[in-house]
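Trainee: Have a look at this one before I ask anything.
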Amino acid sequence: LVGACETDAEARREMLWGRERIRRDHVPPVAGVDWTIHGHTVVPAPRLGTAVSGQGVHVHVIAGGGAGEEIFRRLRLCSYTVTAGVLNQGDTDAEAAEAMEVDASLEKPFSPIGRPALDAARGRVARADVVILAGVPFGPGNVANLELAEQALAAGKRVLVMTGVESRDYSPGGEAKRRVEQLVRGGALGWTDMADLFRLLARRETGSGKLETGN
């Protein structure tokens, strides 16, 4: 797309050429992302934007091991406020969060989640509108993260849980599976893929507690 700082005649001709030719039916689809085209606020050049904006909506992501990286990217693309944690320093998702300026609660590398890091994440969850539980494998070191989803659900927040936790549960006695099942029984919503997740995110709660599609 044409840069807003190009002002010479050749750049302007290219900009106008692009304005005529960049249309929805001429741009290949981006998997899992709905988008539209807007006029630029500085110069009359087109730009791509998401059709559904998350502006003003705070989403906290419980992730780890790379399960949150794509979620972070798409949430940021759609203008959501994004926080994450608890993540271990050096984890793939911790690095992705730093690269994408996602505010994350961090624990020391290769360490089980401790109370200070968990309390820091609790503060982020308290400010969030929605909590996403990504497809993260659970073991004894990170099963405490489920407390964050339980906190959110108890506070009446929407909790979106990736299905299939039983295939990722390495916690003692199947603790993660049991606790996620309790979340679902308590009202958490399951999702299976990115398209499913973002359909759920695009919905808004009504005063009656029902869900309706937002604009």
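Please note that chains go A, B, ... in the order of the structure tokens, that every chain numbers its residues from 1, and that ligands are numbered from 1 in the order shown.
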Do you know which residues are at most 8 Å from stretch 170-175 of chain A counting only C-alpha atoms, after dropping those on the same chain fewer than 5 positions away, and could you put them as an mmCIF file with N, CA and C atoms, in the first residue's frame?
Mentor:
```
data_model
loop_
_atom_site.group_PDB
_atom_site.id
_atom_site.type_symbol
_atom_site.label_atom_id
_atom_site.label_comp_id
_atom_site.auth_asym_id
_atom_site.auth_seq_id
_atom_site.Cartn_x
_atom_site.Cartn_y
_atom_site.Cartn_z
ATOM 1 N N PRO A 137 -0.762 -26.545 26.486
ATOM 2 C CA PRO A 137 -0.629 -27.761 27.291
ATOM 3 C C PRO A 137 -0.500 -27.401 28.771
ATOM 4 N N PHE A 138 -1.145 -28.175 29.630
ATOM 5 C CA PHE A 138 -1.093 -27.918 31.062
ATOM 6 C C PHE A 138 -0.316 -29.009 31.783
ATOM 7 N N GLY A 139 0.569 -28.565 32.673
ATOM 8 C CA GLY A 139 1.313 -29.451 33.548
ATOM 9 C C GLY A 139 1.323 -28.868 34.937
ATOM 10 N N PRO A 140 2.076 -29.475 35.846
ATOM 11 C CA PRO A 140 2.096 -28.970 37.228
ATOM 12 C C PRO A 140 2.635 -27.545 37.341
ATOM 13 N N VAL A 143 -0.626 -25.085 35.686
ATOM 14 C CA VAL A 143 -2.050 -25.313 35.899
ATOM 15 C C VAL A 143 -2.666 -24.210 36.771
#
```
Trainee: Stretch 49-200 of chain A: which residues are helix (DSSP H, G or I) by DSSP, as an MDAnalysis selection string?
Mentor: chainID A and resid 69:77 92:99 115:127 143:154 165:168 172:185 194:200
Trainee: Pick out the closest residue to A:Ala67 from this set: A:Ala84, A:Val125, A:Val184, A:Leu153. Count only C-alpha atoms.
Mentor: A:Ala84
Trainee: Which neighbours of stretch 106-113 of chain A fall inside 9 Å, counting only C-alpha atoms, when residues of the same chain fewer than 5 positions from it are skipped, and could you give them as a list of chain:residue names?
Mentor: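 Listed by chain and then number, they are A:Ala84, A:Gly85, A:Val86, A:Leu87, A:Asn88, A:Gln89, A:Gly90, A:Asp91, A:Ala94, A:Leu118, A:Ala120, A:Ala121, A:Pro140, A:Gly141, A:Asn142, A:Val143, A:Ala144, A:Asn145.
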Trainee: I need the residues of stretch 116-212 of chain A that end up classed as strand (DSSP E or B) by DSSP on the backbone, written out as a list in words.
Mentor: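 Reading the DSSP output for stretch 116-212 of chain A, strand (DSSP E or B) covers Val130, Val131, Ile132, Leu133, Phe138, Arg158, Val159, Leu160, Val161, Met162, Asp169, Leu189, Gly190, Trp191, Arg203, Arg204, Glu205, Leu211 and Glu212 of chain A.
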Trainee: Could the residues in this selection be saved with N, CA, C and O atoms as an mmCIF file, in the first residue's frame?
Mentor:
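Wrote again_30.cif, looks like this:
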```
data_model
loop_
_atom_site.group_PDB
_atom_site.id
_atom_site.type_symbol
_atom_site.label_atom_id
_atom_site.label_comp_id
_atom_site.auth_asym_id
_atom_site.auth_seq_id
_atom_site.Cartn_x
_atom_site.Cartn_y
_atom_site.Cartn_z
ATOM 1 N N VAL A 130 -12.964 -9.771 28.463
ATOM 2 C CA VAL A 130 -13.044 -11.159 27.996
ATOM 3 C C VAL A 130 -11.728 -11.845 28.326
ATOM 4 O O VAL A 130 -10.661 -11.226 28.261
ATOM 5 N N VAL A 131 -11.789 -13.128 28.686
ATOM 6 C CA VAL A 131 -10.589 -13.928 28.899
ATOM 7 C C VAL A 131 -10.601 -15.096 27.919
ATOM 8 O O VAL A 131 -11.606 -15.805 27.800
ATOM 9 N N ILE A 132 -9.496 -15.268 27.210
ATOM 10 C CA ILE A 132 -9.344 -16.377 26.267
ATOM 11 C C ILE A 132 -8.378 -17.390 26.854
ATOM 12 O O ILE A 132 -7.258 -17.038 27.248
ATOM 13 N N LEU A 133 -8.799 -18.631 26.901
ATOM 14 C CA LEU A 133 -7.914 -19.731 27.274
ATOM 15 C C LEU A 133 -7.479 -20.412 25.986
ATOM 16 O O LEU A 133 -8.284 -21.036 25.296
ATOM 17 N N PHE A 138 -1.145 -28.175 29.630
ATOM 18 C CA PHE A 138 -1.093 -27.918 31.062
ATOM 19 C C PHE A 138 -0.316 -29.009 31.783
ATOM 20 O O PHE A 138 -0.502 -30.205 31.534
ATOM 21 N N ARG A 158 -16.906 -12.848 30.191
ATOM 22 C CA ARG A 158 -16.934 -13.932 29.207
ATOM 23 C C ARG A 158 -15.593 -14.652 29.204
ATOM 24 O O ARG A 158 -14.530 -14.023 29.157
ATOM 25 N N VAL A 159 -15.647 -15.972 29.231
ATOM 26 C CA VAL A 159 -14.446 -16.807 29.166
ATOM 27 C C VAL A 159 -14.589 -17.730 27.963
ATOM 28 O O VAL A 159 -15.577 -18.463 27.851
ATOM 29 N N LEU A 160 -13.610 -17.683 27.070
ATOM 30 C CA LEU A 160 -13.626 -18.464 25.832
ATOM 31 C C LEU A 160 -12.507 -19.492 25.895
ATOM 32 O O LEU A 160 -11.328 -19.139 25.980
ATOM 33 N N VAL A 161 -12.876 -20.773 25.867
ATOM 34 C CA VAL A 161 -11.949 -21.864 26.136
ATOM 35 C C VAL A 161 -11.751 -22.689 24.876
ATOM 36 O O VAL A 161 -12.729 -23.186 24.299
ATOM 37 N N MET A 162 -10.506 -22.873 24.456
ATOM 38 C CA MET A 162 -10.257 -23.761 23.323
ATOM 39 C C MET A 162 -10.559 -25.197 23.742
ATOM 40 O O MET A 162 -10.112 -25.662 24.789
ATOM 41 N N ASP A 169 -3.505 -32.274 28.540
ATOM 42 C CA ASP A 169 -3.475 -32.252 29.997
ATOM 43 C C ASP A 169 -2.415 -33.212 30.535
ATOM 44 O O ASP A 169 -2.564 -34.426 30.470
ATOM 45 N N LEU A 189 -17.495 -20.527 27.171
ATOM 46 C CA LEU A 189 -17.831 -20.949 25.816
ATOM 47 C C LEU A 189 -16.624 -21.584 25.142
ATOM 48 O O LEU A 189 -15.512 -21.072 25.237
ATOM 49 N N GLY A 190 -16.850 -22.707 24.463
ATOM 50 C CA GLY A 190 -15.767 -23.384 23.778
ATOM 51 C C GLY A 190 -15.565 -22.873 22.365
ATOM 52 O O GLY A 190 -16.510 -22.449 21.707
ATOM 53 N N TRP A 191 -14.327 -22.905 21.903
ATOM 54 C CA TRP A 191 -14.015 -22.555 20.516
ATOM 55 C C TRP A 191 -13.022 -23.566 19.962
ATOM 56 O O TRP A 191 -12.251 -24.175 20.705
ATOM 57 N N ARG A 203 -19.389 -10.982 19.338
ATOM 58 C CA ARG A 203 -20.698 -10.914 19.965
ATOM 59 C C ARG A 203 -20.642 -10.075 21.233
ATOM 60 O O ARG A 203 -19.624 -9.993 21.894
ATOM 61 N N ARG A 204 -21.765 -9.440 21.548
ATOM 62 C CA ARG A 204 -21.842 -8.574 22.713
ATOM 63 C C ARG A 204 -22.950 -9.069 23.638
ATOM 64 O O ARG A 204 -23.997 -9.518 23.187
ATOM 65 N N GLU A 205 -22.725 -8.949 24.942
ATOM 66 C CA GLU A 205 -23.763 -9.349 25.889
ATOM 67 C C GLU A 205 -24.835 -8.267 25.994
ATOM 68 O O GLU A 205 -24.541 -7.075 26.029
ATOM 69 N N LEU A 211 -26.541 -13.216 24.279
ATOM 70 C CA LEU A 211 -25.518 -12.681 23.388
ATOM 71 C C LEU A 211 -26.124 -12.299 22.064
ATOM 72 O O LEU A 211 -27.036 -12.957 21.560
ATOM 73 N N GLU A 212 -25.636 -11.208 21.506
ATOM 74 C CA GLU A 212 -26.093 -10.804 20.192
ATOM 75 C C GLU A 212 -24.903 -10.359 19.386
ATOM 76 O O GLU A 212 -23.842 -10.047 19.925
#
```
Trainee: Looking at only C-alpha atoms, which of A:Val102, A:Ala128, A:Val136, A:Ala96 is the one that sits closest to A:Ile62?
Mentor: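 Of the candidates, the smallest distance to A:Ile62 is held by A:Val136.
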Trainee: Considering only C-alpha atoms, state which residue in the set A:Ala188, A:Ala155, A:Ile71, A:Val82 is at the smallest distance from A:Ser105.
Mentor: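 Counting only C-alpha atoms, the residue closest to A:Ser105 is A:Val82.
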Trainee: By how many Å are atom CA of A:Arg76 and atom CA of A:Val61 apart?
Mentor: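 For atom CA of A:Arg76 relative to atom CA of A:Val61, the distance reads 12.1 Å.
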Trainee: Kindly indicate which residue among A:Lys157, A:Glu150, A:Phe198, A:Asp119 lies nearest to A:Val180, using only C-alpha atoms for the distances.
Mentor: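 Looking only at the distances to A:Val180, the closest residue turns out to be A:Glu150.
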Trainee: Between A:Arg168, A:Thr163, A:Ala126, A:Val59, single out the one closest to A:Gln151, counting only C-alpha atoms.
Mentor: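 The closest residue to A:Gln151 is A:Ala126.
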Trainee: Which residue is closest to A:Glu69? Choose from A:Met194, A:Leu200, A:Leu183, A:Leu148 and count only C-alpha atoms.
Mentor: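 Looking at the shortest contact to A:Glu69, the residue is A:Met194.
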Trainee: Would you work out the distance separating atom CA of A:His58 from atom CA of A:Leu197, expressed in Å to one decimal?
Mentor: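 Atom-to-atom, atom CA of A:His58 and atom CA of A:Leu197 are spaced 15.0 Å apart.
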